[in-house]
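J.: Input: one structure, supplied below.
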Amino acid sequence: MIDFLYSILVLGIPFSVSLLLASLGEMYNQRAGIFNLGCEGVMSMGAFVGFVIPYFLIRAGVESGIIYVLGIAGSLAAGALLGLFFGVVVITFKAPQGIAGIGLQMFGVGVAGTLFRHFIGGIASVPGIKPMPVPLLSKIPLVGNIFFNHSLIVYLALILVPVSAWVMNRSSWGLRVRACGTAPRAVDSVGISVDRVRYQSLAVGGALAGLAGAYLSLCQVKMFADTLISGRGFIAVALVYFGRWNPWGILWGALLFSVTQVLQLKIQTMGINVPYEFAVMLPYVLVIIVLTFSNKNFQLGPSSLGKAFDRENRL
Amino acid sequence: MKKLLAILILSLTLVPLFAAGSQEESSDQVKVAMIFPSTVDDKGWSQAMYESGKRVADANTDIMVLEKSENMQPVDAGSAARQYIAQGFQYLVFHGTQYNNTVVELAEEFPQVVFVFGTSAEVLAENVISYQPATEQPGYLSGIIAGLTTQTNKIGIVGPVDGGDAAQYNRGFWLGIKSVNPTAEIGVAHTGSYGDYVKAGELAQTFINDGYDILAGSAQQGLGALQAVAQFPDKDVYWMGTSEMQFDMPEGYKLMAACSYWYDPIFQQMVDSFKAGEMMEAGEVFWLTIPNGGFTFSMSESNPLLTAEVRDAVEAARVELEAGNLDIDWQSVSY
């Protein structure tokens with residue numbers, strides 16, 4: 001039994017990281033009142049930029065680990081820029097956020113795929129970021145491999161959970177972000193620019209979604225294809241609701257989804273007689289069930305979510 | 001400022017729409033349009049078909065015009081096809097089982113156009129040519145290798161869905177293993193998608209963590225599994241692929257054997273029919289097999305597990321296949 005649990009957790013944690021990062025990013029957006037359905041597109045661009053920088057540097061003969069640092073920096077920047085671009089559309093021009101988000105998703109996936117074909121030409125791979133075991137801790141039986149034998153981005157993502165909880169609940173910027181999502185008019189009345197705070201949170205959220213994409217292309221599969229994200233951006237949006245806009249809840253949701261994903265794979269590989277179609281559905285069905293039963297908690301969400309703020313409109 | 005931003009956003013979104021270029025029309029050519037579910041550089045399913053068409057088109061540059069639409073969902077494929085037909089394309093290739101209903105509908109609506117559709121062993125209409133790769137054959141040969149080289153006696157199948165030629169390949173693989181190693185434990189799992197590289201990688205890692213050392217699978221998602229296998233450079237875990245192009249990738253050293261699809265005869269028949277002043281004969285099924293050159297199969301040159309004994313066993317099976325003495329009853333396998 002312990003072996004079974006170990007084999008699920010040792011894969012479930014690294015597999016959850018892209019969802020965790022993207023969901024945390026989406027949480028920053030939604031807490032500020034912006035509903036960004038374009039997470040998938042931002043992840044795709046992050047995956048592309050994160051991949052293409054090391055790819056060309058390797059071809060230029062650069063072997064050092066700095067190439068991946070640059071790749072990650074590029075994915076953060078690309079994500080932040082797309083977040084700001086989305087801000088121009090939904091904050092400055094006040095376009096409907098749902099429709100604009102779908103547009104951003106198509107734009108990001110399409111541009112990343114087109115640029116990839118133009119600059120690289122076909123599916124390619126990079127050696128990628130290798131695991132970095134934590135000295136001593138990674139040697140602890142069972143626990144060491146589950147928690148302390150991963151790539152740097154995994155540790156970073158896990159650290160970002162308490163950091164985000166602190167930022168949201170303890171920092172003055174977090175208070176402004178939350179206020180923009182629940183009472184933007186009150187924020188405006190004390191002389192704080194709602195638009196500026198929303199732009200800032202979109203940049204932070206976009207950067208995290210970009211990093212989530214780069215995690216896939218540099219750590220998990222170490223390649224890029226235009227279908228690489230395959231709907232994970234939408235799952236990330238759902239996990240924000242699942243986690244009730246709380247970093248710890250999001251961590252729990254991402255872990256639950258990924259662990260269930262590994263569980264369904266193990267059910268199949270162990271030859272347990274369940275039609276594979278049902279097994280594949282399991283993580284998604286679970287998320288729907290939990291969302292259904294957590295419906296009563298929806299009032300905890302930002303009450304101005306998805307609503308454009310117009311300081312001239314007092315109605 | 002707002003106006004400037006609006007113009008900038010419009011430019012960013014509209015410019016790509018006009019980047020497609022134009023198509024010169026001509027009626028004295030064989031005009032072939034191809035609809036793909038993935039990109040033509042996927043080092044697998046779509047690329048094999050596209051390169052077959054391109055080889056024939058390159059050899060007949062004044063006769064054959066080749067156009068393509070990639071990443072097509074069935075609903076989009078129908079409208080893309082109508083646009084090609086309006087431009088005078090005589091042949092439309094739909095490369096994927098998911099286009100079945102679209103092809104049936106279009107074939108009835110446009111009887112003057114010949115539709116090439118696969119994979120299917122069924123003739124959908126008089127103006128449809130179905131092609132069916134006998135993937136159980138390369139699957140069987142790969143299975144022989146897996147059965148003879150496994151160190152842990154555990155072999156995993158990373159399936160996309162249990163249907164079409166993927167199901168044939170996997171069952172052929174199963175029969176190949178059992179023919180040389182009846183005691184081997186074979187794990188079978190599916191991702192539920194043809195193109196989810198990440199999920200295929202996750203499935204491959206799950207297999208490897210459970211001690212499976214030889215993995216196989218078809219469809220473009222296989223690249224994700226190969227990447228996962230390559231994350232264990234010092235471990236004797238290997239991948240059996242369905243594209244020989246994967247040998248040229250940096251991870252190719254983890255590829256034990258692979259096959260490639262050769263669709264060239266389909267396109268050559270289009271050109272030959274055109275030269276004879278007629279359309280290609282439709283209403284039949286075109287089979288791709290190892291004996292008729294529809295597949296090539298090759299093994300890694302450098303893998304130490306591929307001993308002379310293993311290579312001889314594969315060669316013997318290939319000879320039997322070509323002689324027509326080996327019947328691979330893939331439909332008998334249920335898992």
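Starting from 1 in every chain, residues are counted up; chains themselves are A, B, ... following the order of the structure tokens, and ligands are numbered from 1 as listed.
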Could you pull out the helix (DSSP H, G or I) residues of range 58-294 of chain B from DSSP and send them as a ChimeraX atom specification?

T.: /B:58-59,74-86,97-109,136-149,164-180,197-209,222-230,244-248,250-254,264-275

J.: Please identify every residue of chain B that has at least one atom no more than 6 Å from any atom of chain A, counting only C-alpha atoms, and report them as a PyMOL selection string.

T.: chain B and resi 41-42+187-189+227

J.: Go ahead and write the selection's residues with N, CA and C atoms as a PDB file, in the first residue's frame.

T.:
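File written: out-v7.pdb
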ATOM      1  N   ASP B  41       4.785  18.646 -39.539  1.00  0.00           N
ATOM      2  CA  ASP B  41       6.153  18.418 -39.052  1.00  0.00           C
ATOM      3  C   ASP B  41       6.099  17.705 -37.703  1.00  0.00           C
ATOM      4  N   ASP B  42       5.062  16.867 -37.525  1.00  0.00           N
ATOM      5  CA  ASP B  42       4.864  16.222 -36.220  1.00  0.00           C
ATOM      6  C   ASP B  42       5.728  14.978 -36.032  1.00  0.00           C
ATOM      7  N   GLY B 187       1.470  -4.269 -20.061  1.00  0.00           N
ATOM      8  CA  GLY B 187       0.551  -3.244 -19.544  1.00  0.00           C
ATOM      9  C   GLY B 187       0.009  -2.413 -20.694  1.00  0.00           C
ATOM     10  N   VAL B 188      -1.295  -2.195 -20.687  1.00  0.00           N
ATOM     11  CA  VAL B 188      -1.920  -1.406 -21.753  1.00  0.00           C
ATOM     12  C   VAL B 188      -2.658  -0.226 -21.131  1.00  0.00           C
ATOM     13  N   ALA B 189      -2.375   0.959 -21.624  1.00  0.00           N
ATOM     14  CA  ALA B 189      -3.098   2.148 -21.132  1.00  0.00           C
ATOM     15  C   ALA B 189      -3.256   3.142 -22.277  1.00  0.00           C
ATOM     16  N   GLN B 227      10.211  11.368 -25.203  1.00  0.00           N
ATOM     17  CA  GLN B 227      10.880  12.353 -24.350  1.00  0.00           C
ATOM     18  C   GLN B 227      10.959  11.857 -22.911  1.00  0.00           C
TER      19      GLN B 227
END

J.: Mind pulling up the distance from CA of Gly156 in chain B to CA of Phe207 in chain B?

T.: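 Computing the Euclidean distance for CA of Phe207 in chain B and CA of Gly156 in chain B yields 6.5 Å.
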
J.: Which residue out of A:Val240, A:Ile67, A:Ile13, A:Ala212 has the minimum interatomic distance to Leu256 in chain A when only C-alpha atoms are used?

T.: A:Ile13

J.: Quick one: pull the distance between CA of Leu288 in chain B and CA of Asp264 in chain B, Å, one decimal.

T.: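 CA of Leu288 in chain B sits 10.3 Å away from CA of Asp264 in chain B.
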
J.: Using only C-alpha atoms, determine which residues lie at most 7 Å from Leu84 in chain A, disregarding the query and same-chain residues fewer than 6 positions distant; provide the list as a PDB file with N, CA and C atoms, in the first residue's frame.

T.:
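Printed below is around12.pdb as written:
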ATOM      1  N   TYR A 199      -3.885  46.241 -13.990  1.00  0.00           N
ATOM      2  CA  TYR A 199      -2.782  45.985 -14.925  1.00  0.00           C
ATOM      3  C   TYR A 199      -1.659  45.222 -14.229  1.00  0.00           C
ATOM      4  N   LEU A 202      -2.583  41.667 -13.730  1.00  0.00           N
ATOM      5  CA  LEU A 202      -2.564  40.921 -14.999  1.00  0.00           C
ATOM      6  C   LEU A 202      -1.131  40.593 -15.412  1.00  0.00           C
ATOM      7  N   ALA A 203      -0.213  41.504 -15.154  1.00  0.00           N
ATOM      8  CA  ALA A 203       1.193  41.246 -15.485  1.00  0.00           C
ATOM      9  C   ALA A 203       1.732  40.102 -14.634  1.00  0.00           C
TER      10      ALA A 203
END

J.: What's around Ile288 in chain A at 12 Å? Count only C-alpha atoms, leave out sequence neighbours fewer than 3 positions away in its own chain, and write the answer as a compact mmCIF listing (two decimals) with N, CA and C atoms, in the first residue's frame.

T.:
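File written: around_25.txt
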# COMPACT_ATOMS: atom_id res chain seq x y z
N ILE A 235 -8.26 24.14 -17.47
CA ILE A 235 -8.32 23.43 -16.18
C ILE A 235 -7.81 24.36 -15.07
N ALA A 238 -10.50 26.61 -13.98
CA ALA A 238 -11.47 25.89 -13.13
C ALA A 238 -10.91 25.68 -11.73
N LEU A 239 -9.59 25.45 -11.64
CA LEU A 239 -8.99 25.20 -10.32
C LEU A 239 -9.02 26.43 -9.41
N TYR A 241 -11.58 28.42 -9.16
CA TYR A 241 -12.91 28.30 -8.52
C TYR A 241 -12.87 27.18 -7.48
N PHE A 242 -12.23 26.07 -7.91
CA PHE A 242 -12.10 24.92 -7.01
C PHE A 242 -11.42 25.34 -5.70
N GLY A 253 -6.27 21.72 -5.02
CA GLY A 253 -6.97 21.35 -6.26
C GLY A 253 -6.02 20.82 -7.31
N PHE A 257 -6.10 17.02 -8.70
CA PHE A 257 -6.28 16.72 -10.12
C PHE A 257 -5.14 15.85 -10.64
N MET A 281 -11.56 9.97 -17.90
CA MET A 281 -12.50 11.00 -17.44
C MET A 281 -12.35 11.33 -15.95
N LEU A 282 -11.79 10.39 -15.20
CA LEU A 282 -11.82 10.47 -13.74
C LEU A 282 -11.40 11.84 -13.16
N PRO A 283 -10.22 12.39 -13.54
CA PRO A 283 -9.83 13.67 -12.92
C PRO A 283 -10.82 14.79 -13.22
N TYR A 284 -11.36 14.80 -14.43
CA TYR A 284 -12.29 15.87 -14.81
C TYR A 284 -13.61 15.73 -14.06
N VAL A 285 -14.08 14.49 -13.96
CA VAL A 285 -15.34 14.24 -13.25
C VAL A 285 -15.19 14.64 -11.78
N LEU A 291 -16.56 20.86 -7.54
CA LEU A 291 -17.10 22.19 -7.84
C LEU A 291 -18.58 22.27 -7.51
N THR A 292 -19.29 21.20 -7.83
CA THR A 292 -20.74 21.17 -7.57
C THR A 292 -21.01 21.29 -6.08
N PHE A 293 -20.25 20.51 -5.29
CA PHE A 293 -20.53 20.51 -3.86
C PHE A 293 -19.96 21.73 -3.14
N SER A 294 -19.04 22.43 -3.82
CA SER A 294 -18.49 23.63 -3.17
C SER A 294 -19.22 24.88 -3.65
N ASN A 295 -20.34 24.68 -4.32
CA ASN A 295 -21.09 25.78 -4.91
C ASN A 295 -21.46 26.84 -3.87

J.: Grab the CA of Trp45 in chain B to CA of Ser142 in chain B distance for me, in Å with one decimal place.

T.: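 CA of Ser142 in chain B lies at a distance of 17.6 Å from CA of Trp45 in chain B.
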
J.: Determine the nearest neighbour of Arg198 in chain A from the options A:Ser44, A:Ser75, A:Asn29, A:Ser151, counting only C-alpha atoms.

T.: A:Asn29

J.: Can you pull out every residue within 8 Å of range 171-178 of chain A, counting only C-alpha atoms, but drop anything in the same chain fewer than 5 positions away, and send it as an MDAnalysis selection string?

T.: chainID A and resid 28 31:32 166 187 197:198 201 302

J.: Which one of B:Gln220, B:Gln132, B:Thr149, B:Ser46 sits closest to Thr307 in chain B if you count only C-alpha atoms?

T.: B:Thr149

J.: Give the strand (DSSP E or B) residues of range 6-249 of chain A, as DSSP finds them on the backbone, and put them as a list in words.

T.: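 Going through range 6-249 of chain A, the strand (DSSP E or B) residues come out as Ala124, Ser125, Met223 and Phe224 of chain A.
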
J.: Applying 10 Å and only C-alpha atoms, which residues near Gly46 in chain A remain after dropping the ones on its own chain fewer than 6 positions away? List them as a PyMOL selection string.

T.: chain A and resi 40+52+71-80+82+108+112+206-217

J.: Would you save the residues from that selection as an mmCIF file, in the first residue's frame, using N, CA and C atoms?

T.:
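Contents of result_2.cif, freshly written:
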data_model
loop_
_atom_site.group_PDB
_atom_site.id
_atom_site.type_symbol
_atom_site.label_atom_id
_atom_site.label_comp_id
_atom_site.auth_asym_id
_atom_site.auth_seq_id
_atom_site.Cartn_x
_atom_site.Cartn_y
_atom_site.Cartn_z
ATOM 1 N N GLU A 40 -4.740 29.674 -21.420
ATOM 2 C CA GLU A 40 -4.178 28.663 -22.334
ATOM 3 C C GLU A 40 -3.213 29.310 -23.341
ATOM 4 N N VAL A 52 12.311 28.354 -26.993
ATOM 5 C CA VAL A 52 13.059 28.805 -28.170
ATOM 6 C C VAL A 52 14.391 29.449 -27.784
ATOM 7 N N GLY A 71 15.686 31.366 -20.660
ATOM 8 C CA GLY A 71 14.410 30.839 -21.180
ATOM 9 C C GLY A 71 13.271 31.139 -20.218
ATOM 10 N N ILE A 72 13.522 30.893 -18.933
ATOM 11 C CA ILE A 72 12.485 31.151 -17.919
ATOM 12 C C ILE A 72 12.181 32.648 -17.842
ATOM 13 N N ALA A 73 13.241 33.454 -17.883
ATOM 14 C CA ALA A 73 13.036 34.911 -17.852
ATOM 15 C C ALA A 73 12.207 35.347 -19.061
ATOM 16 N N GLY A 74 12.508 34.758 -20.204
ATOM 17 C CA GLY A 74 11.758 35.084 -21.427
ATOM 18 C C GLY A 74 10.293 34.695 -21.303
ATOM 19 N N SER A 75 10.047 33.533 -20.702
ATOM 20 C CA SER A 75 8.650 33.087 -20.571
ATOM 21 C C SER A 75 7.890 33.984 -19.590
ATOM 22 N N LEU A 76 8.574 34.408 -18.535
ATOM 23 C CA LEU A 76 7.932 35.328 -17.582
ATOM 24 C C LEU A 76 7.586 36.645 -18.283
ATOM 25 N N ALA A 77 8.554 37.135 -19.072
ATOM 26 C CA ALA A 77 8.343 38.417 -19.761
ATOM 27 C C ALA A 77 7.225 38.292 -20.797
ATOM 28 N N ALA A 78 7.248 37.191 -21.556
ATOM 29 C CA ALA A 78 6.215 37.008 -22.592
ATOM 30 C C ALA A 78 4.830 36.915 -21.957
ATOM 31 N N GLY A 79 4.751 36.182 -20.830
ATOM 32 C CA GLY A 79 3.477 36.047 -20.136
ATOM 33 C C GLY A 79 2.986 37.382 -19.613
ATOM 34 N N ALA A 80 3.918 38.149 -19.012
ATOM 35 C CA ALA A 80 3.544 39.455 -18.458
ATOM 36 C C ALA A 80 3.070 40.391 -19.581
ATOM 37 N N LEU A 82 1.741 39.542 -22.455
ATOM 38 C CA LEU A 82 0.403 39.137 -22.923
ATOM 39 C C LEU A 82 -0.665 39.538 -21.909
ATOM 40 N N GLY A 108 -2.754 33.518 -28.524
ATOM 41 C CA GLY A 108 -1.525 32.973 -27.949
ATOM 42 C C GLY A 108 -1.133 31.643 -28.572
ATOM 43 N N ALA A 112 2.099 31.472 -31.069
ATOM 44 C CA ALA A 112 3.193 30.601 -30.624
ATOM 45 C C ALA A 112 3.459 29.515 -31.677
ATOM 46 N N GLY A 206 -0.023 36.880 -15.739
ATOM 47 C CA GLY A 206 0.484 36.454 -17.051
ATOM 48 C C GLY A 206 1.866 35.835 -16.933
ATOM 49 N N ALA A 207 2.714 36.465 -16.098
ATOM 50 C CA ALA A 207 4.076 35.940 -15.924
ATOM 51 C C ALA A 207 4.023 34.518 -15.362
ATOM 52 N N LEU A 208 3.137 34.296 -14.387
ATOM 53 C CA LEU A 208 3.040 32.948 -13.796
ATOM 54 C C LEU A 208 2.497 31.937 -14.805
ATOM 55 N N ALA A 209 1.526 32.373 -15.632
ATOM 56 C CA ALA A 209 1.010 31.461 -16.663
ATOM 57 C C ALA A 209 2.100 31.152 -17.688
ATOM 58 N N GLY A 210 2.913 32.163 -18.023
ATOM 59 C CA GLY A 210 4.035 31.937 -18.940
ATOM 60 C C GLY A 210 5.012 30.932 -18.358
ATOM 61 N N LEU A 211 5.292 31.081 -17.064
ATOM 62 C CA LEU A 211 6.205 30.143 -16.396
ATOM 63 C C LEU A 211 5.616 28.730 -16.396
ATOM 64 N N ALA A 212 4.301 28.646 -16.226
ATOM 65 C CA ALA A 212 3.644 27.330 -16.248
ATOM 66 C C ALA A 212 3.871 26.647 -17.600
ATOM 67 N N GLY A 213 3.773 27.431 -18.672
ATOM 68 C CA GLY A 213 4.032 26.872 -20.002
ATOM 69 C C GLY A 213 5.472 26.432 -20.147
ATOM 70 N N ALA A 214 6.391 27.284 -19.655
ATOM 71 C CA ALA A 214 7.823 26.953 -19.762
ATOM 72 C C ALA A 214 8.153 25.705 -18.955
ATOM 73 N N TYR A 215 7.435 25.491 -17.863
ATOM 74 C CA TYR A 215 7.668 24.273 -17.087
ATOM 75 C C TYR A 215 7.407 23.031 -17.950
ATOM 76 N N LEU A 216 6.325 23.100 -18.737
ATOM 77 C CA LEU A 216 6.010 21.960 -19.605
ATOM 78 C C LEU A 216 7.085 21.768 -20.670
ATOM 79 N N SER A 217 7.491 22.865 -21.316
ATOM 80 C CA SER A 217 8.420 22.723 -22.451
ATOM 81 C C SER A 217 9.871 22.535 -22.018
#

J.: What lies within 10 Å of Lys54 in chain B using only C-alpha atoms, ignoring chain neighbours under 3 positions off, as a PyMOL selection string?

T.: chain B and resi 48-51+57-61+64-67+264+267

J.: Find the residue from A:Ala254, A:Ala236, A:Leu136, A:Ile153 that sits nearest to Glu26 in chain A; use only C-alpha atoms when measuring.

T.: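 Among A:Ala254, A:Ala236, A:Leu136, A:Ile153, it is A:Ala236 that comes nearest to Glu26 in chain A.
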